[in-house]
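Data from model.cif: mmCIF, C-alpha atoms
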```
data_work
loop_
_atom_site.label_atom_id
_atom_site.label_comp_id
_atom_site.auth_asym_id
_atom_site.auth_seq_id
_atom_site.Cartn_x
_atom_site.Cartn_y
_atom_site.Cartn_z
CA MET A 1 67.30 57.27 110.32
CA ASP A 2 68.30 60.74 109.12
CA ARG A 3 72.02 60.21 108.70
CA PHE A 4 72.92 63.89 108.49
CA GLU A 5 70.82 64.89 111.50
CA ASN A 6 72.50 62.16 113.54
CA MET A 7 75.91 63.27 112.32
CA SER A 8 75.08 66.87 113.24
CA ALA A 9 73.95 65.79 116.72
CA PHE A 10 77.20 63.88 117.18
CA VAL A 11 79.26 66.96 116.25
CA ARG A 12 77.26 69.10 118.68
CA VAL A 13 77.89 66.62 121.52
CA VAL A 14 81.63 66.68 120.83
CA GLU A 15 81.73 70.49 120.74
CA ALA A 16 79.50 70.90 123.82
CA GLY A 17 81.25 68.17 125.80
CA SER A 18 78.01 66.50 126.86
CA ILE A 19 74.61 65.36 125.65
CA SER A 20 72.84 67.92 127.83
CA GLY A 21 75.01 70.73 126.48
CA ALA A 22 74.32 69.65 122.91
CA ALA A 23 70.58 69.42 123.63
CA ASP A 24 70.60 73.00 124.95
CA ARG A 25 72.37 74.26 121.84
CA MET A 26 70.02 72.37 119.55
CA ASP A 27 66.94 73.32 121.63
CA VAL A 28 65.74 69.71 121.82
CA ALA A 29 65.31 67.18 124.61
CA LYS A 30 68.28 65.17 125.87
CA SER A 31 66.46 61.99 124.88
CA VAL A 32 66.44 63.13 121.24
CA VAL A 33 70.21 63.63 121.21
CA SER A 34 70.79 60.30 122.97
CA ARG A 35 68.60 58.49 120.47
CA ARG A 36 70.45 60.03 117.53
CA LEU A 37 73.81 58.99 118.95
CA LYS A 38 72.63 55.42 119.48
CA GLU A 39 71.26 55.26 115.94
CA LEU A 40 74.52 56.59 114.53
CA GLU A 41 76.68 54.13 116.48
CA ALA A 42 74.39 51.25 115.48
CA HIS A 43 74.61 52.28 111.82
CA LEU A 44 78.43 52.57 111.96
CA GLY A 45 78.90 49.48 114.09
CA VAL A 46 81.39 51.22 116.42
CA GLU A 47 81.40 53.13 119.69
CA LEU A 48 82.12 56.80 119.19
CA PHE A 49 82.54 57.66 122.89
CA HIS A 50 84.10 56.19 126.01
CA ARG A 51 81.27 56.87 128.47
CA THR A 52 81.66 57.31 132.21
CA THR A 53 79.31 58.75 134.81
CA ARG A 54 81.07 62.12 134.59
CA GLN A 55 82.33 62.56 131.05
CA MET A 56 82.32 61.39 127.46
CA ASN A 57 85.62 60.98 125.65
CA LEU A 58 85.99 60.22 121.97
CA THR A 59 87.28 56.83 120.94
CA ASP A 60 89.87 56.67 118.15
CA SER A 61 87.05 55.87 115.73
CA GLY A 62 85.01 58.73 117.16
CA ARG A 63 87.86 61.18 116.73
CA ALA A 64 88.39 60.22 113.10
CA PHE A 65 84.63 60.32 112.39
CA TYR A 66 84.33 63.74 114.04
CA GLN A 67 86.97 65.27 111.77
CA GLN A 68 85.29 63.89 108.67
CA SER A 69 81.81 64.86 109.92
CA VAL A 70 82.82 68.49 110.45
CA ARG A 71 84.17 68.64 106.92
CA ILE A 72 81.13 66.93 105.39
CA LEU A 73 78.62 69.14 107.21
CA ALA A 74 80.59 72.26 106.23
CA ASP A 75 80.58 71.14 102.58
CA ILE A 76 76.81 70.55 102.72
CA LEU A 77 76.29 74.01 104.20
CA GLU A 78 78.47 75.54 101.51
CA ALA A 79 76.58 73.73 98.76
CA GLU A 80 73.28 75.02 100.14
CA HIS A 81 74.58 78.57 100.32
CA ALA A 82 76.02 78.38 96.80
CA THR A 83 72.61 77.58 95.33
CA SER A 84 70.49 79.73 97.62
CA GLN A 85 69.42 83.33 97.36
CA PHE A 86 72.59 84.23 99.24
CA HIS A 87 74.78 83.12 96.34
CA GLY A 88 78.18 84.79 96.57
CA ALA A 89 78.20 85.20 100.35
CA LEU A 90 80.79 83.11 102.19
CA LYS A 91 79.54 81.11 105.16
CA GLY A 92 80.85 78.25 107.25
CA SER A 93 83.95 77.47 109.28
CA LEU A 94 87.69 77.50 108.62
CA LYS A 95 90.13 75.63 110.83
CA VAL A 96 93.58 77.11 110.28
CA ALA A 97 97.00 76.39 111.80
CA VAL A 98 99.25 79.45 111.94
CA PRO A 99 102.79 80.00 113.26
CA LEU A 100 102.81 81.86 116.56
CA SER A 101 104.80 85.06 115.96
CA PHE A 102 103.95 85.49 112.27
CA GLY A 103 100.34 84.70 113.09
CA LEU A 104 99.99 87.20 115.91
CA MET A 105 101.98 89.99 114.25
CA HIS A 106 100.86 89.77 110.63
CA LEU A 107 98.18 87.13 109.98
CA GLY A 108 96.00 88.29 112.87
CA PRO A 109 95.24 91.70 111.33
CA ALA A 110 94.71 90.04 107.94
CA ILE A 111 92.21 87.55 109.40
CA ASN A 112 90.35 90.37 111.15
CA ALA A 113 90.11 92.25 107.84
CA PHE A 114 88.84 89.10 106.09
CA LEU A 115 86.15 88.68 108.78
CA GLN A 116 85.00 92.24 108.29
CA ALA A 117 84.45 91.46 104.60
CA HIS A 118 82.91 88.03 105.31
CA PRO A 119 81.20 88.21 108.74
CA ASP A 120 79.51 84.80 108.37
CA ILE A 121 82.81 82.90 108.28
CA GLU A 122 83.77 81.23 111.58
CA PHE A 123 87.49 80.76 112.29
CA ASP A 124 89.07 78.09 114.50
CA LEU A 125 92.71 79.19 114.82
CA ASP A 126 95.63 77.22 116.25
CA PHE A 127 98.55 79.57 117.00
CA ASN A 128 101.49 77.20 117.33
CA ASP A 129 104.95 76.66 115.84
CA ARG A 130 104.59 72.88 115.85
CA GLN A 131 104.39 70.93 112.61
CA VAL A 132 100.73 69.96 112.29
CA ASP A 133 99.30 67.04 110.35
CA ILE A 134 96.69 68.85 108.29
CA LEU A 135 94.70 65.80 107.28
CA ALA A 136 94.84 63.87 110.56
CA GLU A 137 93.97 66.92 112.68
CA GLY A 138 91.17 68.17 110.48
CA PHE A 139 92.66 71.51 109.40
CA ASP A 140 91.32 73.20 106.29
CA LEU A 141 94.71 74.77 105.73
CA ALA A 142 97.92 75.76 107.48
CA ILE A 143 100.27 78.70 107.10
CA ARG A 144 103.85 77.41 107.20
CA ILE A 145 107.32 78.84 107.05
CA ALA A 146 108.92 75.50 106.29
CA SER A 147 109.74 72.93 103.63
CA LEU A 148 107.04 70.99 101.86
CA PRO A 149 108.07 67.35 101.47
CA ASP A 150 104.50 65.99 101.42
CA SER A 151 103.38 65.81 97.79
CA SER A 152 99.76 65.26 98.87
CA LEU A 153 99.60 68.92 99.89
CA ILE A 154 99.21 71.97 97.67
CA ALA A 155 101.24 75.09 98.49
CA ARG A 156 100.65 78.68 97.45
CA ARG A 157 103.35 81.22 98.19
CA LEU A 158 102.22 84.19 100.27
CA ALA A 159 105.36 86.19 100.97
CA PRO A 160 109.16 85.93 101.13
CA ILE A 161 110.66 85.61 104.60
CA GLN A 162 114.02 87.34 104.87
CA ALA A 163 116.43 86.59 107.71
CA VAL A 164 118.56 89.23 109.41
CA MET A 165 121.31 89.05 112.03
CA CYS A 166 121.26 91.92 114.49
CA ALA A 167 122.21 93.19 117.95
CA SER A 168 121.62 96.26 120.08
CA PRO A 169 123.97 99.26 119.98
CA ALA A 170 124.75 98.70 123.68
CA TYR A 171 125.84 95.10 123.09
CA LEU A 172 128.01 96.08 120.11
CA GLU A 173 129.62 98.90 122.10
CA ARG A 174 130.56 96.47 124.88
CA ASN A 175 131.60 93.53 122.73
CA GLY A 176 132.54 94.93 119.35
CA THR A 177 130.90 94.45 115.94
CA PRO A 178 131.72 91.18 114.15
CA GLN A 179 133.37 91.78 110.78
CA SER A 180 133.25 88.21 109.53
CA PRO A 181 131.19 85.06 110.22
CA GLN A 182 134.18 83.50 111.96
CA GLU A 183 134.08 86.19 114.64
CA LEU A 184 130.62 85.06 115.76
CA ILE A 185 132.21 82.28 117.81
CA LYS A 186 133.41 84.97 120.24
CA HIS A 187 129.95 86.46 120.72
CA ARG A 188 126.89 85.61 122.76
CA CYS A 189 124.27 84.27 120.37
CA LEU A 190 120.54 84.09 121.02
CA VAL A 191 119.08 81.04 119.29
CA TYR A 192 115.64 79.92 118.12
CA ASN A 193 115.72 76.21 118.94
CA LEU A 194 112.70 74.84 117.07
CA ILE A 195 114.68 74.31 113.86
CA SER A 196 117.29 71.68 113.15
CA ASN A 197 120.98 72.56 113.32
CA PHE A 198 120.21 75.71 115.29
CA GLU A 199 123.88 75.92 116.35
CA ASN A 200 124.92 76.54 112.74
CA TRP A 201 124.38 79.99 111.28
CA ASN A 202 125.20 79.45 107.61
CA MET A 203 125.61 82.15 104.99
CA PHE A 204 127.08 82.74 101.55
CA ASP A 205 129.91 85.08 100.58
CA ALA A 206 129.99 87.35 97.52
CA GLU A 207 131.20 84.45 95.34
CA GLY A 208 128.36 82.23 96.49
CA GLN A 209 130.52 80.00 98.66
CA LEU A 210 128.77 78.52 101.67
CA ILE A 211 130.28 79.53 104.99
CA LYS A 212 129.34 77.18 107.81
CA THR A 213 129.55 79.00 111.11
CA LYS A 214 129.08 77.05 114.32
CA ILE A 215 128.05 79.35 117.14
CA THR A 216 127.80 78.73 120.89
CA PRO A 217 124.23 79.48 122.03
CA TYR A 218 124.12 81.78 125.03
CA LEU A 219 120.33 81.77 125.25
CA LYS A 220 117.97 79.28 123.56
CA ALA A 221 114.21 79.72 123.29
CA SER A 222 111.27 78.53 121.23
CA ASN A 223 109.78 82.00 120.70
CA GLY A 224 111.19 84.63 118.37
CA GLU A 225 109.64 87.63 120.11
CA PHE A 226 111.28 86.65 123.39
CA LEU A 227 114.66 86.40 121.65
CA ARG A 228 114.09 89.74 119.92
CA ASP A 229 113.42 91.43 123.26
CA ALA A 230 116.51 89.79 124.75
CA ALA A 231 118.58 91.21 121.90
CA VAL A 232 117.09 94.68 122.44
CA ASP A 233 118.11 94.37 126.11
CA GLY A 234 121.70 93.83 125.00
CA LEU A 235 122.03 90.13 125.80
CA GLY A 236 123.56 89.09 122.49
CA ILE A 237 123.29 88.67 118.71
CA VAL A 238 120.11 87.20 117.26
CA LEU A 239 119.31 85.70 113.85
CA MET A 240 115.62 86.33 113.16
CA PRO A 241 113.13 86.75 110.33
CA ALA A 242 112.75 90.41 109.45
CA PHE A 243 109.02 90.24 110.19
CA ILE A 244 109.87 89.89 113.91
CA VAL A 245 112.58 92.58 114.21
CA TYR A 246 111.65 95.12 111.52
CA LYS A 247 110.28 97.74 113.93
CA GLU A 248 113.40 97.54 116.10
CA ILE A 249 115.63 97.94 113.04
CA GLU A 250 113.59 100.94 111.92
CA SER A 251 113.90 102.55 115.35
CA GLY A 252 117.62 101.77 115.67
CA THR A 253 117.26 99.62 118.79
CA LEU A 254 118.68 96.72 116.75
CA ILE A 255 121.47 97.02 114.17
CA PRO A 256 121.79 94.59 111.21
CA LEU A 257 125.15 92.77 111.05
CA LEU A 258 127.25 91.16 108.31
CA THR A 259 124.89 92.46 105.63
CA GLU A 260 127.45 91.83 102.88
CA TYR A 261 126.78 88.10 103.26
CA LYS A 262 123.79 86.24 101.85
CA LEU A 263 121.45 84.62 104.35
CA SER A 264 119.00 81.86 103.55
CA GLN A 265 115.58 83.06 102.46
CA LEU A 266 112.40 81.26 103.42
CA ALA A 267 108.83 81.93 102.38
CA ALA A 268 105.40 81.79 103.95
CA TYR A 269 103.02 79.38 102.25
CA ALA A 270 99.36 78.51 102.52
CA ILE A 271 99.16 74.71 102.58
CA TYR A 272 96.03 72.65 102.03
CA PRO A 273 95.16 69.10 100.97
CA GLN A 274 94.58 68.22 97.34
CA ALA A 275 90.91 67.98 96.49
CA ARG A 276 88.86 67.88 93.32
CA HIS A 277 86.57 70.62 94.65
CA LEU A 278 88.44 73.11 96.80
CA SER A 279 86.23 74.79 99.37
CA GLN A 280 85.11 78.23 98.29
CA ARG A 281 85.99 79.46 101.77
CA VAL A 282 89.56 78.17 101.57
CA ARG A 283 90.08 79.52 98.06
CA ALA A 284 88.72 82.97 98.97
CA PHE A 285 90.83 83.19 102.13
CA VAL A 286 94.05 82.12 100.40
CA ASP A 287 93.42 84.54 97.53
CA PHE A 288 92.82 87.28 100.09
CA LEU A 289 96.16 86.58 101.81
CA ILE A 290 98.06 86.50 98.51
CA LYS A 291 96.59 89.86 97.55
CA ARG A 292 97.31 91.36 100.97
CA PHE A 293 100.97 90.31 101.04
CA GLU A 294 101.82 90.72 97.34
CA GLY A 295 104.92 92.66 96.38
CA LEU A 296 107.64 93.63 98.82
CA PRO A 297 106.43 92.88 102.37
CA TYR A 298 106.20 95.94 104.56
CA TRP A 299 108.40 94.26 107.16
CA ASP A 300 111.28 94.11 104.62
CA LEU A 301 111.25 97.84 103.93
CA CYS A 302 113.72 98.34 106.78
CA LEU A 303 116.27 96.30 104.80
CA GLN A 304 116.12 98.33 101.59
CA ASP A 305 118.71 100.89 102.64
CA ASP A 306 121.96 100.04 100.83
CA LYS A 307 123.74 99.77 104.15
CA HIS A 308 121.28 97.20 105.42
CA ALA A 309 120.27 95.40 102.20
CA LEU A 310 120.24 91.61 102.43
CA ARG A 311 120.60 89.32 99.45
CA SER A 312 118.84 85.99 99.40
CA ALA A 313 120.62 82.77 98.55
CA ASP A 314 120.20 81.43 95.00
CA SER A 315 118.48 78.36 96.39
CA ILE A 316 115.88 78.32 99.12
CA MET A 317 117.06 76.50 102.23
CA LEU A 318 114.13 75.25 104.26
CA GLN A 319 113.86 73.53 107.64
CA ASN A 320 111.43 70.81 108.62
CA ASN A 321 111.45 68.51 111.67
CA GLY A 322 115.21 68.03 111.82
CA ASP A 323 115.70 67.56 108.08
CA GLN A 324 116.93 70.14 105.59
CA PHE A 325 115.59 70.33 102.06
CA ASN A 326 116.97 72.35 99.15
CA TYR A 327 114.39 73.56 96.64
CA THR A 328 115.79 75.48 93.66
CA LYS A 329 112.21 76.11 92.59
CA LEU A 330 108.91 75.39 94.30
CA GLU A 331 105.91 75.09 92.06
CA GLU A 332 103.04 77.37 93.05
CA ARG A 333 99.56 75.97 92.57
#
```

Output the file's structure as structure tokens, nothing else.
Amino acid sequence: MDRFENMSAFVRVVEAGSISGAADRMDVAKSVVSRRLKELEAHLGVELFHRTTRQMNLTDSGRAFYQQSVRILADILEAEHATSQFHGALKGSLKVAVPLSFGLMHLGPAINAFLQAHPDIEFDLDFNDRQVDILAEGFDLAIRIASLPDSSLIARRLAPIQAVMCASPAYLERNGTPQSPQELIKHRCLVYNLISNFENWNMFDAEGQLIKTKITPYLKASNGEFLRDAAVDGLGIVLMPAFIVYKEIESGTLIPLLTEYKLSQLAAYAIYPQARHLSQRVRAFVDFLIKRFEGLPYWDLCLQDDKHALRSADSIMLQNNGDQFNYTKLEER
């Protein structure tokens, strides 16, 4: 039994959704693929699929073996490339989880530029704001704007994420401009509801004292771009990362508010599992992102005017699945 050929056939069946589809992709007979699957299951002593007359669904064992098989086959391919005549060229696949808005607005162009430099890399991208389990779901890495309580993961900082509170000129003309955090209770607030304590907009005064401000959400949503557009339409005040609203601030369709107060600063990180031999693909991609976003992010340029400058809190307040963590310093590795 050729263990790696059988493993490769298994991966092709999962990706194609059927034995016949895998056979077409591999340009072999269906009987060859079926035989390899049977040999693999006999060797492992488990069933990898729930088989019916119409479909094949992975068992729990099959799902776990698939994730490991994809990683093993990718590592084998990388080892071959590293010692072949194509030494130095990056090949293989990268499965990456990225946050929705940040991914579409800023990571998307970066990934496209990386692909132009490395056309033999294949990306499998999950655009989603959910908290993924990198190891269990088979991701090579994830881009997160969140806290990092799992010590089994390595984090490399990509860029600061500055928050800004803003509203449209039309809304402020109708409802007045808040002069203090306490006045927010009288205003319609547009709230991103995928973080914990989303009804509390906390900030720090000039002396560093924390001001806890409980607002009454007028509109709640799980997408920052939707909330940004609602603010532009004059529906209320929004608290958003600058990378979502920077163009609107530059054009004047949104006006920063309460800029004399410090707002919590987050950061975007590339997260990946600890490993003795980090994939060359992962390392190259993370290094590329760090280089691309180094220095002051272009989306924060709109906040550099003295009138609109925001100051970050001394500590970094981060949100994660309903819990809040305070990191005075996060080690970069």

Which value, in Å to one decimal, gives the distance between atom CA of A:Asp133 and atom CA of A:Ile121?
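Atom-to-atom, atom CA of A:Asp133 to atom CA of A:Ile121, that is 23.0 Å.
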
Carefully work through the PyMOL selection byres ((chain A and resi 136) around 12) for this structure and note down the residues it includes, as a PyMOL selection string.
chain A and resi 60+63-68+132-135+137-141+273

Nearest to A:Tyr298 among A:Gln162, A:Asn175, A:Gln274, A:Ser196, with distances taken over all atoms listed in the file: which residue is it?
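Of A:Gln162, A:Asn175, A:Gln274, A:Ser196, the one nearest A:Tyr298 is A:Gln162, counting all atoms listed in the file.
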
What does the structure give for the distance between atom CA of A:Ile237 and atom CA of A:Arg188, in Å to one decimal?
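Distance reported for this atom pair: 6.2 Å.
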
When the PyMOL selection byres ((chain A and resi 122) around 7) is applied to the structure above, which residues does it catch, written out as a list in words?
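Taken on the displayed file, the PyMOL selection byres ((chain A and resi 122) around 7) yields the residues Gly92, Ser93, Leu94, Asp120, Ile121, Phe123 and Asp124 of chain A.
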
Given the PyMOL selection byres ((chain A and resi 216) around 7) and the file above, list the residues it selects as a PDB file with C-alpha atoms, in the frame of the given file.
```pdb
ATOM      1  CA  ILE A 185     132.210  82.280 117.810  1.00  0.00           C
ATOM      2  CA  CYS A 189     124.270  84.270 120.370  1.00  0.00           C
ATOM      3  CA  GLU A 199     123.880  75.920 116.350  1.00  0.00           C
ATOM      4  CA  LYS A 214     129.080  77.050 114.320  1.00  0.00           C
ATOM      5  CA  ILE A 215     128.050  79.350 117.140  1.00  0.00           C
ATOM      6  CA  PRO A 217     124.230  79.480 122.030  1.00  0.00           C
ATOM      7  CA  TYR A 218     124.120  81.780 125.030  1.00  0.00           C
TER       8      TYR A 218
END
```

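One distance worth recording is that between atom CA of A:Leu58 and atom CA of A:Met26, which is 20.2 Å.
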
In file coordinates, which residues lie within 9 Å of (99.8, 86.0, 106.9) using only C-alpha atoms, given as a ChimeraX atom specification?
/A:98,102-103,105-111,143,158-159,268-270,289-290,292-293

When you look at stretch 253-263 of chain A with a cut-off of 10 Å (counting all atoms listed in the file), what residues show up, excluding the ones that are within fewer than 3 positions of it in the same chain? I need them as a ChimeraX atom specification.
/A:162-172,177-181,201-211,228-229,231-234,237-239,245-250,266,302-303,306-314,316-317

With all atoms listed in the file as the counted atoms, please give the residues lying no more than 10 Å from stretch 33-45 of chain A, apart from itself and same-chain residues fewer than 4 positions off, as a PyMOL selection string.
chain A and resi 1-10+12-13+19-20+22-23+26+28-29+49+61-62+65

Which residue is closest to A:Ser279? Choose from A:Glu15, A:Glu47, A:Asp126, A:Asp75 and count all atoms listed in the file.
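Closest to A:Ser279 of all the choices is A:Asp75.
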
Determine the nearest neighbour of A:Glu173 from the options A:Leu104, A:Gly236, A:Ile72, A:Thr52, counting only C-alpha atoms.
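Closest candidate: A:Gly236.
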